[in-house]
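Asks: Have a peek at input.cif (mmCIF, C-alpha atoms).
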```cif
data_query
loop_
_atom_site.label_atom_id
_atom_site.label_comp_id
_atom_site.auth_asym_id
_atom_site.auth_seq_id
_atom_site.Cartn_x
_atom_site.Cartn_y
_atom_site.Cartn_z
CA MET A 1430 -40.36 46.55 -130.00
CA GLY A 1431 -42.20 45.58 -126.79
CA ASP A 1432 -40.74 45.81 -123.27
CA ASP A 1433 -40.24 42.05 -122.99
CA THR A 1434 -37.75 42.01 -125.81
CA ASN A 1435 -35.90 45.13 -124.72
CA PRO A 1436 -32.35 43.96 -123.85
CA LEU A 1437 -32.10 46.52 -121.04
CA MET A 1438 -35.30 45.25 -119.37
CA MET A 1439 -34.09 41.67 -119.75
CA LEU A 1440 -30.88 42.61 -117.97
CA ILE A 1441 -32.85 44.24 -115.14
CA TRP A 1442 -34.77 40.97 -114.66
CA ILE A 1443 -31.90 38.59 -115.10
CA LEU A 1444 -29.28 40.40 -113.01
CA PRO A 1445 -31.09 40.05 -109.65
CA ILE A 1446 -31.82 36.40 -110.43
CA ILE A 1447 -28.15 35.72 -111.09
CA LEU A 1448 -27.25 37.74 -108.00
CA PHE A 1449 -29.60 35.72 -105.79
CA VAL A 1450 -28.58 32.37 -107.29
CA PHE A 1451 -24.90 32.91 -106.60
CA TYR A 1452 -24.95 35.29 -103.62
CA GLY A 1453 -28.34 34.56 -102.01
CA GLN A 1454 -26.86 32.88 -98.96
CA GLN A 1455 -24.38 35.69 -98.37
CA ILE A 1456 -27.19 38.27 -98.59
CA GLN A 1457 -29.29 36.31 -96.11
CA LEU A 1458 -26.22 35.96 -93.90
CA LEU A 1459 -25.76 39.72 -93.98
CA VAL A 1460 -29.38 40.41 -93.00
CA THR A 1461 -29.43 37.80 -90.21
CA SER A 1462 -26.03 38.92 -88.95
CA GLY A 1463 -27.42 42.35 -88.11
CA GLU A 1464 -30.04 40.87 -85.76
CA ILE A 1465 -27.60 38.48 -84.13
CA LYS A 1466 -25.02 41.22 -83.67
CA LYS A 1467 -27.60 43.25 -81.72
CA GLY A 1468 -28.27 40.22 -79.52
CA ILE A 1469 -24.56 39.64 -78.92
CA LYS A 1470 -24.09 43.30 -77.97
CA LYS A 1471 -26.89 42.95 -75.43
CA LEU A 1472 -25.40 39.72 -74.08
CA ASP A 1473 -22.04 41.44 -73.72
CA ARG A 1474 -23.71 44.25 -71.78
CA PHE A 1475 -25.36 41.71 -69.44
CA ARG A 1476 -22.05 39.89 -69.00
CA LEU A 1477 -20.17 43.05 -68.06
CA ASN A 1478 -22.99 44.28 -65.82
CA SER A 1479 -23.19 41.02 -63.86
CA LYS A 1480 -19.42 41.00 -63.40
CA LYS A 1481 -19.38 44.61 -62.24
CA GLU A 1482 -22.27 44.03 -59.83
CA LEU A 1483 -20.51 40.98 -58.38
CA ILE A 1484 -17.18 42.77 -57.90
CA ASP A 1485 -18.95 45.80 -56.35
CA TYR A 1486 -20.90 43.53 -53.99
CA VAL A 1487 -17.79 41.65 -52.86
CA GLU A 1488 -15.80 44.87 -52.38
CA ASN A 1489 -18.55 46.69 -50.47
CA ASN A 1490 -19.89 43.87 -48.30
CA LEU A 1491 -17.23 41.24 -47.72
CA ASN A 1492 -14.13 43.27 -46.84
CA PRO A 1493 -11.90 41.05 -48.98
CA THR A 1494 -8.29 40.66 -47.88
CA ASN A 1495 -6.99 41.41 -51.40
CA ASP A 1496 -8.41 42.91 -54.61
CA PRO A 1497 -11.03 40.31 -55.62
CA THR A 1498 -11.22 41.30 -59.33
CA LYS A 1499 -8.54 38.90 -60.57
CA LYS A 1500 -9.87 35.96 -58.59
CA ILE A 1501 -13.44 36.60 -59.77
CA GLU A 1502 -12.34 36.92 -63.38
CA GLN A 1503 -10.46 33.64 -63.07
CA PHE A 1504 -13.48 31.93 -61.64
CA LEU A 1505 -15.86 33.19 -64.33
CA ASP A 1506 -13.92 31.21 -66.91
CA TYR A 1507 -14.16 27.96 -64.95
CA PHE A 1508 -15.92 25.24 -66.86
CA THR A 1509 -17.56 21.96 -65.89
CA ILE A 1510 -17.00 18.89 -68.01
CA MET A 1511 -19.99 16.59 -67.73
CA PRO A 1512 -19.24 12.85 -67.40
CA VAL A 1513 -19.21 10.70 -70.51
CA ASP A 1514 -22.63 9.16 -71.24
CA MET A 1515 -21.73 6.42 -73.73
CA ASP A 1516 -22.46 3.92 -70.95
CA PRO A 1517 -25.39 5.59 -69.15
CA SER A 1518 -25.32 3.24 -66.18
CA GLY A 1519 -24.43 5.22 -63.07
CA ILE A 1520 -24.35 8.54 -64.93
CA VAL A 1521 -26.61 10.31 -62.39
CA GLU A 1522 -24.19 9.57 -59.56
CA LYS A 1523 -21.32 10.90 -61.66
CA VAL A 1524 -23.19 14.08 -62.61
CA ARG A 1525 -24.15 14.66 -58.97
CA HIS A 1526 -20.54 14.23 -57.91
CA THR A 1527 -19.29 16.65 -60.58
CA VAL A 1528 -21.91 19.32 -59.77
CA ARG A 1529 -21.42 19.05 -56.01
CA SER A 1530 -17.64 19.20 -56.38
CA ARG A 1531 -18.05 22.42 -58.34
CA GLU A 1532 -20.38 23.84 -55.67
CA ASP A 1533 -17.91 22.94 -52.91
CA TYR A 1534 -15.09 24.47 -54.91
CA THR A 1535 -17.05 27.70 -55.42
CA ARG A 1536 -17.82 27.96 -51.71
CA ASN A 1537 -14.18 27.43 -50.75
CA HIS A 1538 -13.11 29.92 -53.40
CA ILE A 1539 -15.42 32.60 -51.96
CA LYS A 1540 -14.31 31.80 -48.41
CA SER A 1541 -10.70 32.28 -49.44
CA MET A 1542 -11.55 35.83 -50.56
CA SER A 1543 -13.21 36.66 -47.24
CA PRO A 1544 -12.57 34.12 -44.46
CA GLU A 1545 -15.02 35.83 -42.06
CA ILE A 1546 -17.99 35.54 -44.42
CA ASN A 1547 -21.28 34.21 -42.98
CA ASP A 1548 -23.39 31.53 -44.69
CA ILE A 1549 -26.09 33.91 -45.98
CA GLU A 1550 -23.55 36.21 -47.65
CA LEU A 1551 -21.66 33.20 -48.97
CA ASN A 1552 -24.78 31.80 -50.65
CA ARG A 1553 -25.57 35.23 -52.06
CA VAL A 1554 -22.13 35.65 -53.58
CA GLN A 1555 -22.22 32.08 -54.86
CA THR A 1556 -25.48 32.80 -56.69
CA LEU A 1557 -24.15 36.07 -58.13
CA LEU A 1558 -21.05 34.21 -59.27
CA GLU A 1559 -23.17 31.55 -60.98
CA ILE A 1560 -25.22 34.26 -62.74
CA ALA A 1561 -22.11 36.08 -63.97
CA SER A 1562 -20.51 32.81 -65.03
CA SER A 1563 -23.65 31.68 -66.93
CA LEU A 1564 -23.97 35.03 -68.72
CA GLN A 1565 -20.31 34.88 -69.68
CA MET A 1566 -20.80 31.36 -71.06
CA ILE A 1567 -23.93 32.28 -73.06
CA HIS A 1568 -22.16 35.27 -74.60
CA LYS A 1569 -19.12 33.17 -75.44
CA ILE A 1570 -21.11 30.38 -77.13
CA VAL A 1571 -23.38 32.66 -79.18
CA ASN A 1572 -20.42 34.79 -80.25
CA HIS A 1573 -18.47 31.68 -81.24
CA MET A 1574 -21.32 30.28 -83.35
CA PHE A 1575 -21.84 33.65 -85.03
CA LEU A 1576 -18.18 34.23 -85.81
CA THR A 1577 -17.74 30.67 -87.12
CA ALA A 1578 -20.67 31.08 -89.52
CA LYS A 1579 -19.37 34.46 -90.64
CA LYS A 1580 -15.82 33.28 -91.09
CA GLN A 1581 -16.87 30.35 -93.24
CA LYS A 1582 -19.59 32.42 -94.98
CA ASN A 1583 -21.88 29.50 -94.18
CA TYR A 1584 -25.53 30.60 -93.97
CA PRO A 1585 -27.00 27.28 -92.71
CA LEU A 1586 -24.58 27.41 -89.79
CA ILE A 1587 -26.13 30.66 -88.58
CA LEU A 1588 -29.70 29.31 -88.65
CA PRO A 1589 -29.50 27.47 -85.30
CA VAL A 1590 -28.17 30.67 -83.67
CA GLN A 1591 -31.02 32.69 -85.16
CA MET A 1592 -33.59 30.14 -83.94
CA ILE A 1593 -32.23 29.74 -80.43
CA LEU A 1594 -31.31 33.39 -79.80
CA PRO A 1595 -34.77 34.62 -78.60
CA PHE A 1596 -34.89 31.85 -75.97
CA LEU A 1597 -31.33 32.53 -74.85
CA MET A 1598 -32.06 36.26 -74.68
CA GLU A 1599 -35.11 35.58 -72.49
CA HIS A 1600 -32.96 33.57 -70.07
CA ALA A 1601 -30.11 36.07 -70.14
CA GLU A 1602 -32.48 39.01 -69.53
CA ALA A 1603 -34.06 37.11 -66.64
CA MET A 1604 -30.67 36.40 -65.09
CA ASN A 1605 -29.59 40.02 -65.50
CA SER A 1606 -32.81 41.25 -63.88
CA ALA A 1607 -32.39 38.77 -61.02
CA ILE A 1608 -29.23 40.43 -59.70
CA PRO A 1609 -30.90 43.25 -57.65
CA ALA A 1610 -33.29 40.78 -55.94
CA PHE A 1611 -30.44 38.45 -54.96
CA LYS A 1612 -28.34 41.35 -53.69
CA ALA A 1613 -31.21 42.68 -51.56
CA GLY A 1614 -32.13 39.21 -50.24
CA GLN A 1615 -35.69 39.44 -51.56
CA PRO A 1616 -37.88 36.38 -52.24
CA LEU A 1617 -38.02 35.18 -55.85
CA GLY A 1618 -40.92 33.73 -57.82
CA ASP A 1619 -39.22 30.34 -57.50
CA GLY A 1620 -39.43 30.76 -53.72
CA ILE A 1621 -43.17 30.12 -53.57
CA GLY A 1622 -42.63 26.48 -52.49
CA PRO A 1623 -40.27 27.39 -49.62
CA MET A 1624 -42.60 30.31 -48.72
CA VAL A 1625 -45.60 27.99 -48.33
CA VAL A 1626 -43.72 25.35 -46.33
CA GLY A 1627 -41.72 27.97 -44.41
CA LYS A 1628 -44.92 29.44 -42.98
CA MET A 1629 -46.10 25.95 -41.97
CA MET A 1630 -42.78 25.53 -40.12
CA LEU A 1631 -43.07 28.73 -38.06
CA ASN A 1632 -42.98 28.31 -34.26
CA VAL A 1633 -41.99 24.64 -34.59
CA GLU A 1634 -38.65 23.11 -33.67
CA LYS A 1635 -36.43 22.80 -36.73
CA GLU A 1636 -33.36 20.71 -37.46
CA ILE A 1637 -30.86 20.70 -40.31
CA ILE A 1638 -31.34 17.26 -41.81
CA SER A 1639 -29.02 17.55 -44.80
CA PHE A 1640 -26.79 20.21 -46.30
CA GLN A 1641 -28.66 23.56 -46.16
CA THR A 1642 -31.99 21.76 -45.73
CA ALA A 1643 -34.35 22.27 -42.79
CA LEU A 1644 -36.85 19.77 -41.39
CA ALA A 1645 -39.78 20.33 -39.03
CA LYS A 1646 -42.27 17.75 -37.79
CA ILE A 1647 -45.88 18.70 -37.11
CA GLU A 1648 -49.20 16.95 -36.53
CA TYR A 1649 -52.18 17.68 -38.77
CA GLU A 1650 -55.55 15.96 -38.45
CA LYS A 1651 -53.92 12.93 -36.74
CA ARG A 1652 -51.31 12.64 -39.49
CA LYS A 1653 -47.60 13.18 -39.11
CA LEU A 1654 -46.14 15.79 -41.46
CA PHE A 1655 -42.42 16.04 -42.26
CA LEU A 1656 -41.91 19.56 -43.60
CA LEU A 1657 -38.83 20.08 -45.73
CA LYS A 1658 -37.37 23.18 -47.33
CA ALA A 1659 -33.99 24.71 -48.10
CA GLU A 1660 -32.55 26.55 -45.11
CA GLY A 1661 -33.48 30.20 -45.51
CA PRO A 1662 -33.16 33.09 -45.79
CA GLY A 1663 -29.93 32.46 -47.72
CA SER A 1664 -30.01 31.88 -51.47
CA THR A 1665 -29.99 28.09 -51.72
CA VAL A 1666 -32.12 25.22 -52.93
CA GLY A 1667 -30.76 22.82 -50.31
CA ARG A 1668 -30.53 19.07 -50.86
CA PRO A 1669 -34.09 17.75 -50.57
CA ASP A 1670 -33.11 14.39 -52.09
CA ASP A 1671 -30.62 13.61 -49.31
CA ALA A 1672 -33.12 14.81 -46.72
CA PHE A 1673 -35.88 12.64 -48.16
CA GLN A 1674 -33.57 9.61 -48.09
CA LYS A 1675 -32.82 10.21 -44.40
CA ILE A 1676 -36.52 10.56 -43.53
CA VAL A 1677 -37.43 7.37 -45.42
CA ASP A 1678 -34.55 5.48 -43.72
CA ASP A 1679 -36.07 6.12 -40.28
CA ASN A 1680 -39.81 6.37 -40.97
CA LYS A 1681 -42.57 4.71 -42.95
CA ILE A 1682 -43.78 7.38 -45.37
CA ASP A 1683 -47.17 7.09 -47.08
CA ALA A 1684 -47.13 10.08 -49.42
CA VAL A 1685 -44.99 12.94 -50.65
CA ILE A 1686 -46.31 16.35 -51.64
CA MET A 1687 -44.00 18.66 -53.55
CA ILE A 1688 -44.68 22.36 -54.04
CA ASP A 1689 -42.71 24.14 -56.71
CA ALA A 1690 -42.77 26.89 -59.32
CA ALA A 1691 -43.29 25.61 -62.87
CA LEU A 1692 -42.70 27.28 -66.18
CA LYS A 1693 -45.98 28.42 -67.65
CA MET A 1694 -46.84 27.74 -71.25
CA GLU A 1695 -47.55 30.63 -73.59
CA GLY A 1696 -51.15 31.67 -73.07
CA GLU A 1697 -51.33 30.36 -69.51
CA ASP A 1698 -51.96 32.82 -66.69
CA SER A 1699 -49.12 33.74 -64.38
CA ALA A 1700 -49.52 32.52 -60.81
CA SER A 1701 -52.16 29.95 -61.74
CA ILE A 1702 -52.05 26.80 -59.61
CA ALA A 1703 -52.07 23.25 -60.97
CA ARG A 1704 -52.04 19.92 -59.22
CA GLY A 1705 -50.56 16.71 -60.53
CA PHE A 1706 -48.55 13.57 -59.97
CA GLY A 1707 -44.81 13.04 -60.04
CA ALA A 1708 -41.81 14.86 -58.63
CA ALA A 1709 -42.06 18.62 -59.18
CA ILE A 1710 -38.45 19.67 -59.05
CA GLY A 1711 -36.22 21.32 -61.62
CA GLY A 1712 -32.47 21.61 -61.79
CA ILE A 1713 -30.05 19.35 -63.56
CA GLY A 1714 -32.13 16.23 -62.85
CA THR A 1715 -30.07 14.40 -60.25
CA GLU A 1716 -32.33 15.37 -57.33
CA LYS A 1717 -35.47 14.47 -59.29
CA PHE A 1718 -33.94 11.11 -60.14
CA GLN A 1719 -33.05 10.43 -56.51
CA ILE A 1720 -36.49 11.39 -55.17
CA GLU A 1721 -38.22 9.26 -57.81
CA HIS A 1722 -35.88 6.37 -57.06
CA ILE A 1723 -36.56 6.46 -53.31
CA ALA A 1724 -40.32 6.83 -53.89
CA THR A 1725 -40.40 3.90 -56.34
CA GLN A 1726 -38.36 1.64 -54.07
CA ASN A 1727 -40.66 2.35 -51.14
CA LYS A 1728 -43.87 2.54 -53.21
CA ILE A 1729 -44.61 6.09 -52.06
CA PRO A 1730 -46.95 8.13 -54.28
CA ILE A 1731 -45.72 11.63 -55.16
CA PHE A 1732 -48.26 14.44 -55.55
CA SER A 1733 -47.36 17.92 -56.63
CA ILE A 1734 -48.72 21.43 -56.64
CA VAL A 1735 -47.13 23.95 -58.97
CA VAL A 1736 -47.49 27.69 -59.40
CA LYS A 1737 -47.07 28.67 -63.03
CA GLN A 1738 -44.74 31.52 -63.96
CA SER A 1739 -42.37 32.69 -66.69
CA VAL A 1740 -38.58 32.26 -66.59
CA LYS A 1741 -38.20 35.91 -65.65
CA GLU A 1742 -40.81 35.73 -62.89
CA ALA A 1743 -39.17 32.61 -61.47
CA ILE A 1744 -35.77 34.17 -60.87
CA THR A 1745 -36.62 37.80 -60.18
CA LEU A 1746 -38.40 39.45 -57.24
CA MET A 1747 -41.65 37.58 -56.50
CA SER A 1748 -44.61 39.25 -58.19
CA LYS A 1749 -47.71 40.29 -56.23
CA GLU A 1750 -49.83 37.72 -58.07
CA ILE A 1751 -47.52 34.88 -57.00
CA ALA A 1752 -47.19 36.13 -53.40
CA ASP A 1753 -50.99 36.38 -53.16
CA GLN A 1754 -51.27 32.67 -54.03
CA ALA A 1755 -49.26 31.49 -51.00
CA ASP A 1756 -52.30 31.07 -48.70
CA ASN A 1757 -54.27 29.39 -51.47
CA VAL A 1758 -51.45 26.89 -52.14
CA ARG A 1759 -51.15 26.16 -48.41
CA SER A 1760 -54.85 25.36 -48.14
CA GLN A 1761 -54.56 23.13 -51.23
CA VAL A 1762 -51.69 21.25 -49.55
CA TYR A 1763 -53.88 20.54 -46.51
CA GLU A 1764 -56.75 19.56 -48.81
CA MET A 1765 -54.47 17.18 -50.72
CA ILE A 1766 -53.30 15.61 -47.46
CA LEU A 1767 -56.88 14.93 -46.36
CA GLU A 1768 -57.91 13.60 -49.79
CA ASN A 1769 -55.01 11.22 -50.24
CA THR A 1770 -54.07 9.94 -46.80
CA THR A 1771 -55.79 8.52 -43.75
CA GLU A 1772 -55.34 9.10 -40.02
CA GLY A 1773 -52.08 7.78 -38.60
CA GLN A 1774 -50.18 8.08 -41.87
CA SER A 1775 -46.99 10.07 -42.45
CA ILE A 1776 -46.52 12.57 -45.23
CA VAL A 1777 -43.43 14.44 -46.44
CA VAL A 1778 -44.19 17.97 -47.68
CA ILE A 1779 -41.33 19.49 -49.68
CA GLY A 1780 -41.16 23.19 -50.57
CA VAL A 1781 -38.93 23.08 -53.64
CA GLY A 1782 -37.05 26.11 -54.95
CA ASN A 1783 -34.64 28.87 -54.06
CA THR A 1784 -35.31 30.06 -50.54
CA ALA A 1785 -33.64 33.49 -50.89
CA GLY A 1786 -35.37 35.85 -48.46
CA VAL A 1787 -37.62 33.09 -47.07
CA PRO A 1788 -36.82 31.83 -43.57
CA GLN A 1789 -38.64 29.08 -41.69
CA MET B 1266 -35.89 56.96 -70.77
CA ILE B 1267 -39.24 57.70 -72.37
CA PHE B 1268 -38.91 55.10 -75.12
CA SER B 1269 -37.23 52.42 -73.00
CA LYS B 1270 -39.11 49.10 -72.96
CA GLU B 1271 -37.71 48.25 -69.54
CA LYS B 1272 -40.24 48.43 -66.75
CA THR B 1273 -39.42 49.70 -63.30
CA ILE B 1274 -40.32 47.25 -60.57
CA LEU B 1275 -40.80 48.54 -57.05
CA ALA B 1276 -40.46 46.24 -54.04
CA TYR B 1277 -43.10 46.34 -51.32
CA THR B 1278 -43.43 44.77 -47.89
CA VAL B 1279 -46.81 43.80 -46.43
CA GLU B 1280 -47.04 43.69 -42.64
CA LYS B 1281 -49.81 41.84 -40.87
CA CYS B 1282 -50.96 42.42 -37.33
CA PRO B 1283 -51.42 39.09 -35.54
CA LYS B 1284 -54.07 40.61 -33.23
CA CYS B 1285 -56.37 42.71 -35.43
CA GLU B 1286 -55.24 41.11 -38.73
CA LYS B 1287 -54.88 44.50 -40.40
CA LEU B 1288 -52.52 44.63 -43.37
CA ASN B 1289 -50.14 47.47 -44.05
CA LYS B 1290 -48.32 47.84 -47.37
CA ARG B 1291 -45.13 49.90 -47.40
CA ASP B 1292 -41.94 50.25 -49.45
CA PHE B 1293 -39.42 47.46 -48.98
CA THR B 1294 -36.48 48.45 -46.83
CA LYS B 1295 -33.13 46.68 -46.64
CA GLY B 1296 -33.21 43.99 -43.97
CA ASP B 1297 -36.90 43.11 -44.38
CA ILE B 1298 -37.27 39.33 -44.17
CA LEU B 1299 -40.48 37.33 -44.49
CA PHE B 1300 -42.22 36.13 -41.30
CA THR B 1301 -40.04 38.30 -39.04
CA ASN B 1302 -41.26 41.01 -36.68
CA SER B 1303 -41.66 44.46 -38.12
CA SER B 1304 -43.16 47.77 -36.94
CA LYS B 1305 -46.02 48.28 -34.49
CA CYS B 1306 -49.61 48.08 -35.76
CA SER B 1307 -51.04 51.57 -36.24
CA PHE B 1308 -54.47 50.38 -35.02
CA CYS B 1309 -53.74 48.29 -31.92
CA GLY B 1310 -50.02 48.75 -31.24
CA GLU B 1311 -49.21 45.03 -31.53
CA VAL B 1312 -45.93 44.10 -33.25
CA THR B 1313 -46.66 43.14 -36.86
CA THR B 1314 -44.98 40.39 -38.85
CA ILE B 1315 -43.91 40.56 -42.47
CA GLU B 1316 -46.48 38.58 -44.44
CA LYS B 1317 -45.34 39.22 -48.01
CA ILE B 1318 -42.56 40.84 -49.99
CA PHE B 1319 -43.24 41.38 -53.66
CA GLY B 1320 -42.57 43.54 -56.66
CA GLU B 1321 -45.04 45.59 -58.65
CA VAL B 1322 -44.48 47.26 -61.99
CA LEU B 1323 -44.51 51.04 -61.75
CA GLU B 1324 -47.49 52.20 -63.84
#
```
Before we go any further, please render this structure as structure tokens.

Replies:
Amino acid sequence: MGDDTNPLMMLIWILPIILFVFYGQQIQLLVTSGEIKKGIKKLDRFRLNSKKELIDYVENNLNPTNDPTKKIEQFLDYFTIMPVDMDPSGIVEKVRHTVRSREDYTRNHIKSMSPEINDIELNRVQTLLEIASSLQMIHKIVNHMFLTAKKQKNYPLILPVQMILPFLMEHAEAMNSAIPAFKAGQPLGDGIGPMVVGKMMLNVEKEIISFQTALAKIEYEKRKLFLLKAEGPGSTVGRPDDAFQKIVDDNKIDAVIMIDAALKMEGEDSASIARGFGAAIGGIGTEKFQIEHIATQNKIPIFSIVVKQSVKEAITLMSKEIADQADNVRSQVYEMILENTTEGQSIVVIGVGNTAGVPQ
Amino acid sequence: MIFSKEKTILAYTVEKCPKCEKLNKRDFTKGDILFTNSSKCSFCGEVTTIEKIFGEVLE
């Protein structure tokens, strides 16, 4: 009798097949669960660390009137419900209102913990609060998706979590690593735009044109430059859209140049510079929309210069490579002005990004 | 930890002398802010300004 007709050998072949046909998904679920569990553990560690760092910072630097732990914990669970988008008309205005209301609420909430707080500390705590809140939310969502898939023993349900987890982990790790830089008031990779424009603003009279946004006017090669950046050195991105609207209301603008950090693609070098057209500004999209809207209405071309970097580089302490590019970017801004405008024209130069640690 | 994948990043401050344009790299200290006045230049005695603040991975 040969091996292929041996009943025992047949059983050895058939059993795994039966096992995989009926329990294949559960086995895959078990294997994938292990990886996701590790990720969730890490996310939980980040969440707890960010919360601890925030509470420590508030207790050691703000002299709160009462124990801030309960208030901070309450705030971390606050959610934002985005406006309904079934009828998209006017949605940007609604989103802007919702986001700004939340920002105002956060500021008032922090002020209530420490009424004597100055603006720089307030912005710092606000950023730390946003980091802790985001990490809490990421952990909550991933954990929910994982537990739902496990509870229903539904393998396809866990696939999206498995696919998206590396990207979420990259963001979460970046946010967790950003905490020391924010606490120390150091410039971030994202601050390259404000750093370039901030240096151009030095020794020139400045005014606050919109909420947490500074404006300086200078002359360059018989052209008028309106320099805009968030008001540093606090951790803020300002409101460049409102500022741009105010400038355009009172002046005839011929070009806009935006300088920002941009996410690099895989394979691209960190701190490489690229030039292009269109509004270089991130965020939720309301500011970009507003700047594009004003530019289109007034037929103003928008040029941009971006410095490529990874998510982690953008929100952690500025790397040497990025800092070394500041002078190069500044000379490219001047070059762009000469190439695209003529004498007597007016140009708005916007340094986009978080201005933590970068004054003007 | 020897096997930890996490890299240590050290913060540095670069001061620039406005007169002799000499650069001086030192460890970042709390309160350092870009473009503000810092220590005196070791070559000419002029007050330096903070030109850059950045992080470098500890090799």

Asks: Scan for residues within 9 Å of the point (-41.1, 6.6, -45.8) in the coordinates of the file, using all atoms listed in the file, and reply as a PyMOL selection string.

Replies: chain A and resi 1673-1674+1676-1685+1723-1724+1727-1729+1775-1777

Asks: Find the residues of chain A in contact range of chain B, meaning any atom within 6 Å when counting all atoms listed in the file, and list them as a list in words.

Replies: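 Residues satisfying the distance criterion: Leu1746, Met1747, Ser1748, Lys1749, Gly1786 and Val1787 of chain A.
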
Asks: Using only C-alpha atoms, pick whichever of A:Glu1716, A:Asp1548, A:Glu1721, A:Asp1756 has the shortest atom-to-atom distance to Gly1661 of chain A.

Replies: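 Result for the nearest residue to Gly1661 of chain A: A:Asp1548.
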
Asks: For Gly1773 of chain A, which of A:Leu1617, A:Leu1654, A:Leu1644, A:Phe1475 is the closest residue, counting all atoms listed in the file?

Replies: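 Of A:Leu1617, A:Leu1654, A:Leu1644, A:Phe1475, the one nearest Gly1773 of chain A is A:Leu1654, counting all atoms listed in the file.
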
Asks: Just how far from atom CA of Ile1744 of chain A is atom CA of Leu1472 of chain A, in Å to one decimal?

Replies: 17.7 Å

Asks: For Asp1670 of chain A, find every residue with an atom within 9 Å (counting all atoms listed in the file), except residues of its own chain fewer than 4 positions away, and show them as a list in words.

Replies: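 Close residues of Asp1670 of chain A: Ser1639, Gln1674, Lys1675, Thr1715, Glu1716, Lys1717, Phe1718, Gln1719, Ile1720 and Ile1723 of chain A.
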
Asks: Can you list, as a PyMOL selection string, every protein, DNA or RNA residue that comes within 7 Å of Glu1280 of chain B when you count all atoms listed in the file, leaving out same-chain residues fewer than 4 positions away?

Replies: chain B and resi 1288-1290+1313-1316

Asks: Produce a file of the selected residues containing C-alpha atoms, as a PDB file, in the frame of the given file.

Replies:
```
ATOM      1  CA  LEU B1288     -52.520  44.630 -43.370  1.00  0.00           C
ATOM      2  CA  ASN B1289     -50.140  47.470 -44.050  1.00  0.00           C
ATOM      3  CA  LYS B1290     -48.320  47.840 -47.370  1.00  0.00           C
ATOM      4  CA  THR B1313     -46.660  43.140 -36.860  1.00  0.00           C
ATOM      5  CA  THR B1314     -44.980  40.390 -38.850  1.00  0.00           C
ATOM      6  CA  ILE B1315     -43.910  40.560 -42.470  1.00  0.00           C
ATOM      7  CA  GLU B1316     -46.480  38.580 -44.440  1.00  0.00           C
TER       8      GLU B1316
END
```

Asks: Identify, on the basis of all atoms listed in the file, every residue whose closest approach to Tyr1584 of chain A does not exceed 12 Å; exclude the query and any residue fewer than 6 positions from it along the same chain; express the result as a ChimeraX atom specification.

Replies: /A:1452-1462,1574-1578,1590-1591

Asks: Please evaluate the PyMOL selection byres ((chain A and resi 1471) around 12) against the structure above and give the resulting residues as a PyMOL selection string.

Replies: chain A and resi 1464-1470+1472-1478+1564-1565+1567-1568+1571-1572+1594-1595+1597-1599+1601-1602+1605

Asks: What is the distance between atom CA of Ser1664 of chain A and atom CA of Ile1560 of chain A, in Å to one decimal?

Replies: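 Atom CA of Ile1560 of chain A lies at a distance of 12.5 Å from atom CA of Ser1664 of chain A.
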